[in-house]
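So this one's input_14.tsv, TSV, N, CA and C atoms:
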chain	number	residue	atom	x	y	z
A	135	MET	N	24.04	-11.94	1.48
A	135	MET	CA	24.28	-12.37	0.12
A	135	MET	C	23.01	-12.18	-0.69
A	136	ALA	N	23.10	-11.43	-1.76
A	136	ALA	CA	21.95	-11.16	-2.61
A	136	ALA	C	21.77	-12.29	-3.62
A	137	ALA	N	20.53	-12.59	-3.88
A	137	ALA	CA	20.22	-13.64	-4.85
A	137	ALA	C	19.74	-12.99	-6.14
A	138	GLU	N	19.96	-13.67	-7.23
A	138	GLU	CA	19.45	-13.22	-8.54
A	138	GLU	C	17.96	-13.51	-8.59
A	139	ALA	N	17.16	-12.49	-8.77
A	139	ALA	CA	15.70	-12.66	-8.81
A	139	ALA	C	15.30	-13.51	-10.01
A	140	THR	N	14.33	-14.37	-9.79
A	140	THR	CA	13.80	-15.23	-10.86
A	140	THR	C	12.43	-14.77	-11.31
A	141	TRP	N	11.85	-13.77	-10.63
A	141	TRP	CA	10.49	-13.32	-10.91
A	141	TRP	C	10.38	-12.68	-12.30
A	142	LYS	N	9.28	-13.00	-12.98
A	142	LYS	CA	8.95	-12.38	-14.26
A	142	LYS	C	7.46	-12.06	-14.24
A	143	PRO	N	7.06	-10.92	-14.80
A	143	PRO	CA	5.64	-10.60	-14.81
A	143	PRO	C	4.85	-11.61	-15.64
A	144	HIS	N	3.64	-11.87	-15.21
A	144	HIS	CA	2.77	-12.80	-15.92
A	144	HIS	C	1.35	-12.29	-15.77
A	145	GLU	N	0.74	-11.96	-16.85
A	145	GLU	CA	-0.62	-11.44	-16.80
A	145	GLU	C	-1.43	-12.06	-17.91
A	146	LYS	N	-2.55	-12.63	-17.53
A	146	LYS	CA	-3.50	-13.14	-18.51
A	146	LYS	C	-4.68	-12.18	-18.48
A	147	HIS	N	-4.87	-11.45	-19.52
A	147	HIS	CA	-5.97	-10.50	-19.56
A	147	HIS	C	-7.22	-11.18	-20.09
A	148	GLY	N	-8.32	-10.91	-19.40
A	148	GLY	CA	-9.60	-11.44	-19.85
A	148	GLY	C	-9.91	-12.84	-19.35
A	149	HIS	N	-9.02	-13.43	-18.58
A	149	HIS	CA	-9.25	-14.78	-18.05
A	149	HIS	C	-8.96	-14.80	-16.57
A	150	LEU	N	-9.78	-15.54	-15.83
A	150	LEU	CA	-9.44	-15.78	-14.44
A	150	LEU	C	-8.28	-16.76	-14.43
A	151	THR	N	-7.31	-16.52	-13.61
A	151	THR	CA	-6.12	-17.36	-13.56
A	151	THR	C	-6.12	-18.14	-12.26
A	152	GLU	N	-6.06	-19.43	-12.34
A	152	GLU	CA	-5.92	-20.27	-11.17
A	152	GLU	C	-4.45	-20.31	-10.78
A	153	GLN	N	-4.16	-20.48	-9.51
A	153	GLN	CA	-2.77	-20.54	-9.07
A	153	GLN	C	-2.02	-21.65	-9.79
A	154	SER	N	-2.70	-22.75	-10.08
A	154	SER	CA	-2.04	-23.87	-10.75
A	154	SER	C	-1.67	-23.54	-12.19
A	155	ASP	N	-2.29	-22.50	-12.78
A	155	ASP	CA	-1.98	-22.08	-14.14
A	155	ASP	C	-0.73	-21.21	-14.22
A	156	LEU	N	-0.27	-20.70	-13.09
A	156	LEU	CA	0.83	-19.74	-13.08
A	156	LEU	C	2.17	-20.44	-13.20
A	157	PRO	N	3.10	-19.82	-13.92
A	157	PRO	CA	4.46	-20.39	-13.99
A	157	PRO	C	5.20	-20.17	-12.67
A	158	ASP	N	6.20	-20.98	-12.41
A	158	ASP	CA	7.00	-20.85	-11.17
A	158	ASP	C	7.61	-19.46	-11.05
A	159	THR	N	7.92	-18.82	-12.17
A	159	THR	CA	8.60	-17.53	-12.16
A	159	THR	C	7.76	-16.39	-11.59
A	160	VAL	N	6.49	-16.61	-11.35
A	160	VAL	CA	5.63	-15.55	-10.84
A	160	VAL	C	5.54	-15.58	-9.30
A	161	PHE	N	6.12	-16.59	-8.67
A	161	PHE	CA	6.04	-16.74	-7.22
A	161	PHE	C	7.27	-16.17	-6.52
A	162	ALA	N	7.05	-15.61	-5.33
A	162	ALA	CA	8.18	-15.16	-4.52
A	162	ALA	C	9.04	-16.35	-4.14
A	163	PHE	N	8.41	-17.44	-3.75
A	163	PHE	CA	9.09	-18.70	-3.43
A	163	PHE	C	8.80	-19.68	-4.57
A	164	PRO	N	9.57	-19.64	-5.65
A	164	PRO	CA	9.23	-20.43	-6.84
A	164	PRO	C	9.28	-21.94	-6.62
A	165	LYS	N	10.23	-22.42	-5.84
A	165	LYS	CA	10.35	-23.87	-5.63
A	165	LYS	C	9.13	-24.41	-4.88
A	166	GLN	N	8.61	-23.63	-3.93
A	166	GLN	CA	7.46	-24.05	-3.14
A	166	GLN	C	6.14	-23.55	-3.74
A	167	ARG	N	6.22	-22.69	-4.75
A	167	ARG	CA	5.05	-22.07	-5.39
A	167	ARG	C	4.19	-21.35	-4.34
A	168	LYS	N	4.86	-20.54	-3.52
A	168	LYS	CA	4.18	-19.78	-2.48
A	168	LYS	C	4.30	-18.29	-2.78
A	169	GLU	N	3.27	-17.55	-2.45
A	169	GLU	CA	3.20	-16.10	-2.59
A	169	GLU	C	3.31	-15.64	-4.05
A	170	PRO	N	2.21	-15.77	-4.81
A	170	PRO	CA	2.23	-15.28	-6.19
A	170	PRO	C	2.34	-13.75	-6.21
A	171	LEU	N	3.09	-13.25	-7.17
A	171	LEU	CA	3.33	-11.80	-7.30
A	171	LEU	C	2.76	-11.34	-8.64
A	172	THR	N	1.43	-11.32	-8.73
A	172	THR	CA	0.78	-11.03	-10.01
A	172	THR	C	0.29	-9.60	-10.15
A	173	ASP	N	0.31	-8.83	-9.07
A	173	ASP	CA	-0.09	-7.43	-9.13
A	173	ASP	C	0.39	-6.74	-7.86
A	174	ALA	N	0.17	-5.44	-7.76
A	174	ALA	CA	0.67	-4.66	-6.62
A	174	ALA	C	0.10	-5.18	-5.29
A	175	ARG	N	-1.17	-5.55	-5.28
A	175	ARG	CA	-1.79	-6.05	-4.05
A	175	ARG	C	-1.10	-7.32	-3.57
A	176	HIS	N	-0.82	-8.23	-4.50
A	176	HIS	CA	-0.15	-9.47	-4.13
A	176	HIS	C	1.29	-9.23	-3.65
A	177	VAL	N	1.96	-8.23	-4.21
A	177	VAL	CA	3.31	-7.89	-3.75
A	177	VAL	C	3.26	-7.40	-2.31
A	178	ARG	N	2.30	-6.51	-2.01
A	178	ARG	CA	2.16	-6.02	-0.64
A	178	ARG	C	1.80	-7.16	0.31
A	179	ASP	N	0.90	-8.06	-0.13
A	179	ASP	CA	0.53	-9.21	0.70
A	179	ASP	C	1.74	-10.11	0.96
A	180	ALA	N	2.54	-10.37	-0.06
A	180	ALA	CA	3.71	-11.24	0.09
A	180	ALA	C	4.70	-10.64	1.10
A	181	ALA	N	4.90	-9.34	1.05
A	181	ALA	CA	5.79	-8.69	2.01
A	181	ALA	C	5.19	-8.77	3.42
A	182	GLY	N	3.90	-8.55	3.53
A	182	GLY	CA	3.24	-8.59	4.83
A	182	GLY	C	3.15	-9.98	5.43
A	183	ARG	N	3.09	-10.99	4.60
A	183	ARG	CA	2.96	-12.36	5.08
A	183	ARG	C	4.28	-13.13	5.06
A	184	PHE	N	5.34	-12.46	4.75
A	184	PHE	CA	6.65	-13.10	4.59
A	184	PHE	C	7.00	-13.97	5.79
A	185	ASP	N	6.70	-13.48	6.99
A	185	ASP	CA	7.05	-14.22	8.21
A	185	ASP	C	6.13	-15.41	8.46
A	186	GLN	N	5.06	-15.54	7.69
A	186	GLN	CA	4.13	-16.65	7.89
A	186	GLN	C	4.46	-17.86	7.01
A	187	VAL	N	5.39	-17.70	6.09
A	187	VAL	CA	5.78	-18.81	5.22
A	187	VAL	C	6.68	-19.75	6.03
A	188	ILE	N	6.28	-21.00	6.08
A	188	ILE	CA	7.02	-21.98	6.88
A	188	ILE	C	7.69	-23.00	5.97
A	189	ASP	N	8.59	-23.75	6.56
A	189	ASP	CA	9.29	-24.84	5.85
A	189	ASP	C	10.10	-24.35	4.66
A	190	VAL	N	10.77	-23.20	4.81
A	190	VAL	CA	11.67	-22.70	3.77
A	190	VAL	C	13.02	-22.36	4.41
A	191	SER	N	14.07	-22.43	3.63
A	191	SER	CA	15.42	-22.14	4.12
A	191	SER	C	15.72	-20.64	4.03
A	192	ASP	N	16.82	-20.25	4.62
A	192	ASP	CA	17.27	-18.86	4.50
A	192	ASP	C	17.58	-18.53	3.04
A	193	ALA	N	18.12	-19.49	2.29
A	193	ALA	CA	18.39	-19.25	0.86
A	193	ALA	C	17.07	-19.03	0.11
A	194	ASP	N	16.02	-19.77	0.47
A	194	ASP	CA	14.70	-19.57	-0.15
A	194	ASP	C	14.18	-18.18	0.17
A	195	ARG	N	14.38	-17.73	1.41
A	195	ARG	CA	13.91	-16.40	1.81
A	195	ARG	C	14.70	-15.31	1.09
A	196	THR	N	15.99	-15.52	0.90
A	196	THR	CA	16.81	-14.55	0.18
A	196	THR	C	16.30	-14.40	-1.25
A	197	LEU	N	16.04	-15.53	-1.91
A	197	LEU	CA	15.50	-15.49	-3.27
A	197	LEU	C	14.12	-14.86	-3.30
A	198	ALA	N	13.27	-15.22	-2.35
A	198	ALA	CA	11.92	-14.68	-2.30
A	198	ALA	C	11.95	-13.16	-2.14
A	199	PHE	N	12.83	-12.66	-1.28
A	199	PHE	CA	12.91	-11.21	-1.09
A	199	PHE	C	13.39	-10.52	-2.36
A	200	ALA	N	14.35	-11.12	-3.06
A	200	ALA	CA	14.80	-10.55	-4.34
A	200	ALA	C	13.64	-10.51	-5.33
A	201	ASN	N	12.83	-11.57	-5.35
A	201	ASN	CA	11.68	-11.60	-6.25
A	201	ASN	C	10.64	-10.56	-5.87
A	202	ILE	N	10.40	-10.39	-4.56
A	202	ILE	CA	9.44	-9.37	-4.10
A	202	ILE	C	9.94	-7.98	-4.48
A	203	GLN	N	11.24	-7.73	-4.30
A	203	GLN	CA	11.79	-6.43	-4.68
A	203	GLN	C	11.61	-6.16	-6.17
A	204	LYS	N	11.89	-7.15	-6.99
A	204	LYS	CA	11.78	-6.97	-8.44
A	204	LYS	C	10.32	-6.72	-8.84
A	205	ALA	N	9.41	-7.49	-8.28
A	205	ALA	CA	7.98	-7.30	-8.58
A	205	ALA	C	7.50	-5.95	-8.05
A	206	ALA	N	8.00	-5.53	-6.89
A	206	ALA	CA	7.61	-4.24	-6.33
A	206	ALA	C	8.03	-3.10	-7.26
A	207	ARG	N	9.24	-3.17	-7.79
A	207	ARG	CA	9.68	-2.13	-8.74
A	207	ARG	C	8.76	-2.13	-9.97
A	208	TYR	N	8.45	-3.31	-10.48
A	208	TYR	CA	7.62	-3.43	-11.68
A	208	TYR	C	6.22	-2.84	-11.47
A	209	TYR	N	5.62	-3.13	-10.31
A	209	TYR	CA	4.25	-2.68	-10.03
A	209	TYR	C	4.19	-1.35	-9.29
A	210	GLY	N	5.33	-0.72	-9.03
A	210	GLY	CA	5.34	0.59	-8.38
A	210	GLY	C	5.02	0.55	-6.90
A	211	VAL	N	5.37	-0.52	-6.23
A	211	VAL	CA	5.16	-0.65	-4.79
A	211	VAL	C	6.44	-0.23	-4.07
A	212	ASN	N	6.31	0.67	-3.12
A	212	ASN	CA	7.47	1.13	-2.36
A	212	ASN	C	7.71	0.20	-1.17
A	213	LEU	N	8.87	-0.39	-1.12
A	213	LEU	CA	9.27	-1.20	0.02
A	213	LEU	C	10.30	-0.43	0.82
A	214	SER	N	10.10	-0.30	2.11
A	214	SER	CA	11.09	0.38	2.94
A	214	SER	C	12.20	-0.59	3.36
A	215	GLU	N	11.90	-1.90	3.33
A	215	GLU	CA	12.87	-2.90	3.73
A	215	GLU	C	13.92	-3.10	2.64
A	216	THR	N	15.15	-3.30	3.07
A	216	THR	CA	16.24	-3.54	2.13
A	216	THR	C	16.82	-4.95	2.29
A	217	ASP	N	16.31	-5.71	3.26
A	217	ASP	CA	16.79	-7.05	3.54
A	217	ASP	C	15.62	-7.86	4.11
A	218	TRP	N	15.57	-9.15	3.80
A	218	TRP	CA	14.42	-9.95	4.25
A	218	TRP	C	14.34	-10.06	5.77
A	219	HIS	N	15.45	-9.88	6.46
A	219	HIS	CA	15.43	-9.95	7.92
A	219	HIS	C	14.58	-8.82	8.53
A	220	GLN	N	14.36	-7.76	7.77
A	220	GLN	CA	13.57	-6.63	8.26
A	220	GLN	C	12.07	-6.88	8.15
A	221	LEU	N	11.67	-8.00	7.57
A	221	LEU	CA	10.25	-8.30	7.40
A	221	LEU	C	9.65	-9.03	8.60
A	222	GLY	N	10.36	-9.04	9.71
A	222	GLY	CA	9.80	-9.57	10.95
A	222	GLY	C	9.75	-11.08	11.00
A	223	VAL	N	10.66	-11.76	10.33
A	223	VAL	CA	10.65	-13.21	10.37
A	223	VAL	C	10.96	-13.66	11.79
A	224	ARG	N	10.11	-14.49	12.29
A	224	ARG	CA	10.29	-15.05	13.62
A	224	ARG	C	9.85	-16.51	13.57
A	225	PRO	N	10.26	-17.30	14.52
A	225	PRO	CA	9.89	-18.72	14.50
A	225	PRO	C	8.37	-18.89	14.49
A	226	GLN	N	7.90	-19.73	13.63
A	226	GLN	CA	6.47	-20.00	13.51
A	226	GLN	C	6.22	-21.49	13.74
A	227	GLN	N	6.76	-22.02	14.82
A	227	GLN	CA	6.70	-23.46	15.05
A	227	GLN	C	5.27	-23.98	15.15
A	228	ASN	N	4.38	-23.24	15.75
A	228	ASN	CA	3.02	-23.72	15.97
A	228	ASN	C	2.02	-23.01	15.07
A	229	LEU	N	2.46	-22.59	13.89
A	229	LEU	CA	1.60	-21.83	13.00
A	229	LEU	C	0.34	-22.60	12.62
A	230	ARG	N	0.46	-23.86	12.27
A	230	ARG	CA	-0.71	-24.66	11.87
A	230	ARG	C	-1.70	-24.79	13.04
A	231	ALA	N	-1.19	-25.07	14.22
A	231	ALA	CA	-2.05	-25.22	15.40
A	231	ALA	C	-2.73	-23.89	15.72
A	232	ALA	N	-2.01	-22.79	15.62
A	232	ALA	CA	-2.59	-21.48	15.90
A	232	ALA	C	-3.69	-21.15	14.90
A	233	ALA	N	-3.49	-21.48	13.64
A	233	ALA	CA	-4.50	-21.22	12.61
A	233	ALA	C	-5.75	-22.04	12.89
A	234	ALA	N	-5.59	-23.29	13.28
A	234	ALA	CA	-6.74	-24.15	13.59
A	234	ALA	C	-7.51	-23.59	14.79
A	235	THR	N	-6.80	-23.08	15.78
A	235	THR	CA	-7.44	-22.49	16.95
A	235	THR	C	-8.24	-21.25	16.56
A	236	ARG	N	-7.65	-20.40	15.70
A	236	ARG	CA	-8.36	-19.19	15.25
A	236	ARG	C	-9.61	-19.55	14.48
A	237	ARG	N	-9.52	-20.57	13.62
A	237	ARG	CA	-10.71	-20.99	12.86
A	237	ARG	C	-11.80	-21.50	13.80
A	238	ALA	N	-11.41	-22.29	14.80
A	238	ALA	CA	-12.37	-22.83	15.75
A	238	ALA	C	-13.02	-21.70	16.55
A	239	ARG	N	-12.24	-20.73	16.98
A	239	ARG	CA	-12.80	-19.58	17.70
A	239	ARG	C	-13.78	-18.82	16.83
A	240	GLY	N	-13.44	-18.65	15.56
A	240	GLY	CA	-14.33	-17.93	14.64
A	240	GLY	C	-15.65	-18.65	14.47
A	241	ARG	N	-15.61	-19.97	14.38
A	241	ARG	CA	-16.85	-20.75	14.26
A	241	ARG	C	-17.68	-20.64	15.52
A	242	ARG	N	-17.02	-20.68	16.70
A	242	ARG	CA	-17.75	-20.56	17.96
A	242	ARG	C	-18.40	-19.19	18.06
A	243	ALA	N	-17.68	-18.14	17.69
A	243	ALA	CA	-18.22	-16.78	17.78
A	243	ALA	C	-19.42	-16.64	16.86
A	244	THR	N	-19.35	-17.19	15.66
A	244	THR	CA	-20.47	-17.13	14.72
A	244	THR	C	-21.66	-17.89	15.27
A	245	THR	N	-21.43	-19.06	15.82
A	245	THR	CA	-22.51	-19.89	16.37
A	245	THR	C	-23.17	-19.19	17.55
A	246	GLU	N	-22.36	-18.59	18.43
A	246	GLU	CA	-22.92	-17.88	19.59
A	246	GLU	C	-23.74	-16.70	19.14
A	247	THR	N	-23.28	-15.95	18.14
A	247	THR	CA	-24.00	-14.79	17.63
A	247	THR	C	-25.30	-15.23	16.97
A	248	ASP	N	-25.26	-16.31	16.21
A	248	ASP	CA	-26.44	-16.80	15.52
A	248	ASP	C	-27.51	-17.31	16.48
A	249	SER	N	-27.12	-17.80	17.64
A	249	SER	CA	-28.09	-18.37	18.57
A	249	SER	C	-28.78	-17.31	19.42
A	250	ARG	N	-28.35	-16.08	19.32
A	250	ARG	CA	-28.96	-15.00	20.12
A	250	ARG	C	-30.23	-14.51	19.53

Please render this file's structure as structure tokens.
Amino acid sequence: MAAEATWKPHEKHGHLTEQSDLPDTVFAFPKQRKEPLTDARHVRDAAGRFDQVIDVSDADRTLAFANIQKAARYYGVNLSETDWHQLGVRPQQNLRAAAATRRARGRRATTETDSR
């Protein structure tokens, strides 16, 4: 089931834009305000990180993919995927724990390198 995209371009020229300044319509996941789609790089990032977004429903993912597609057309990004299921969504039950472990490993590696 295809969702009606809610994404609209938003560009502030000459000003740094904080995520909190952005309207909901610029996000792939507008209700959660996740994955801003403000330029081609962010569109590619949103597609690449799609499977890392947690605590969203299938309906949220359907809407997010429609928004990514619309932003991709606007910014000239070619998407080979035609459905959000093709973006490699898999269960991410321990995502927070895995991220904490990666951060801890990174700190240990830096500390070990610095002590040499």

* Asked: Taking the backbone alone, and naming residues the way the document does, which bits of range 157-237 of chain A are alpha helix (DSSP H) by DSSP, as a PyMOL selection string?
  -> chain A and resi 174-182+192-209+229-237

* If I put a ball of radius 12 Å at (17.6, -17.5, -5.6) in the file's coordinates, which residues poke into it when counting only C-alpha atoms, written as a ChimeraX atom specification? -> /A:135-141,159,161-165,191-202

* Hey, what's within 9 Å of Leu171 in chain A if we count only C-alpha atoms and toss same-chain stuff fewer than 3 positions away? As a list in words, please? ->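 After dropping sequence-adjacent residues, the list is Trp141, Lys142, Pro143, His144, Val160, Phe161, Ala162, Ala174, Arg175, His176, Val177, Arg178, Asp179, Ala180, Asn201, Ile202, Ala205 and Ala206 of chain A.
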
Those selected residues, please, written with N, CA and C atoms and delivered as a short mmCIF file (atom, residue, chain, number, x, y, z; two decimals), in the coordinates of the input.
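Everything below was put into result_32.cif:
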data_model
loop_
_atom_site.label_atom_id
_atom_site.label_comp_id
_atom_site.auth_asym_id
_atom_site.auth_seq_id
_atom_site.Cartn_x
_atom_site.Cartn_y
_atom_site.Cartn_z
N TRP A 141 11.85 -13.77 -10.63
CA TRP A 141 10.49 -13.32 -10.91
C TRP A 141 10.38 -12.68 -12.30
N LYS A 142 9.28 -13.00 -12.98
CA LYS A 142 8.95 -12.38 -14.26
C LYS A 142 7.46 -12.06 -14.24
N PRO A 143 7.06 -10.92 -14.80
CA PRO A 143 5.64 -10.60 -14.81
C PRO A 143 4.85 -11.61 -15.64
N HIS A 144 3.64 -11.87 -15.21
CA HIS A 144 2.77 -12.80 -15.92
C HIS A 144 1.35 -12.29 -15.77
N VAL A 160 6.49 -16.61 -11.35
CA VAL A 160 5.63 -15.55 -10.84
C VAL A 160 5.54 -15.58 -9.30
N PHE A 161 6.12 -16.59 -8.67
CA PHE A 161 6.04 -16.74 -7.22
C PHE A 161 7.27 -16.17 -6.52
N ALA A 162 7.05 -15.61 -5.33
CA ALA A 162 8.18 -15.16 -4.52
C ALA A 162 9.04 -16.35 -4.14
N ALA A 174 0.17 -5.44 -7.76
CA ALA A 174 0.67 -4.66 -6.62
C ALA A 174 0.10 -5.18 -5.29
N ARG A 175 -1.17 -5.55 -5.28
CA ARG A 175 -1.79 -6.05 -4.05
C ARG A 175 -1.10 -7.32 -3.57
N HIS A 176 -0.82 -8.23 -4.50
CA HIS A 176 -0.15 -9.47 -4.13
C HIS A 176 1.29 -9.23 -3.65
N VAL A 177 1.96 -8.23 -4.21
CA VAL A 177 3.31 -7.89 -3.75
C VAL A 177 3.26 -7.40 -2.31
N ARG A 178 2.30 -6.51 -2.01
CA ARG A 178 2.16 -6.02 -0.64
C ARG A 178 1.80 -7.16 0.31
N ASP A 179 0.90 -8.06 -0.13
CA ASP A 179 0.53 -9.21 0.70
C ASP A 179 1.74 -10.11 0.96
N ALA A 180 2.54 -10.37 -0.06
CA ALA A 180 3.71 -11.24 0.09
C ALA A 180 4.70 -10.64 1.10
N ASN A 201 12.83 -11.57 -5.35
CA ASN A 201 11.68 -11.60 -6.25
C ASN A 201 10.64 -10.56 -5.87
N ILE A 202 10.40 -10.39 -4.56
CA ILE A 202 9.44 -9.37 -4.10
C ILE A 202 9.94 -7.98 -4.48
N ALA A 205 9.41 -7.49 -8.28
CA ALA A 205 7.98 -7.30 -8.58
C ALA A 205 7.50 -5.95 -8.05
N ALA A 206 8.00 -5.53 -6.89
CA ALA A 206 7.61 -4.24 -6.33
C ALA A 206 8.03 -3.10 -7.26
#

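Between atom N of His219 in chain A and atom C of Asp185 in chain A lies a distance of 11.0 Å.
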
* Could you work out how far CA of Glu169 in chain A lies from CA of Gln203 in chain A, giving the answer in Å with one decimal? -> 13.1 Å
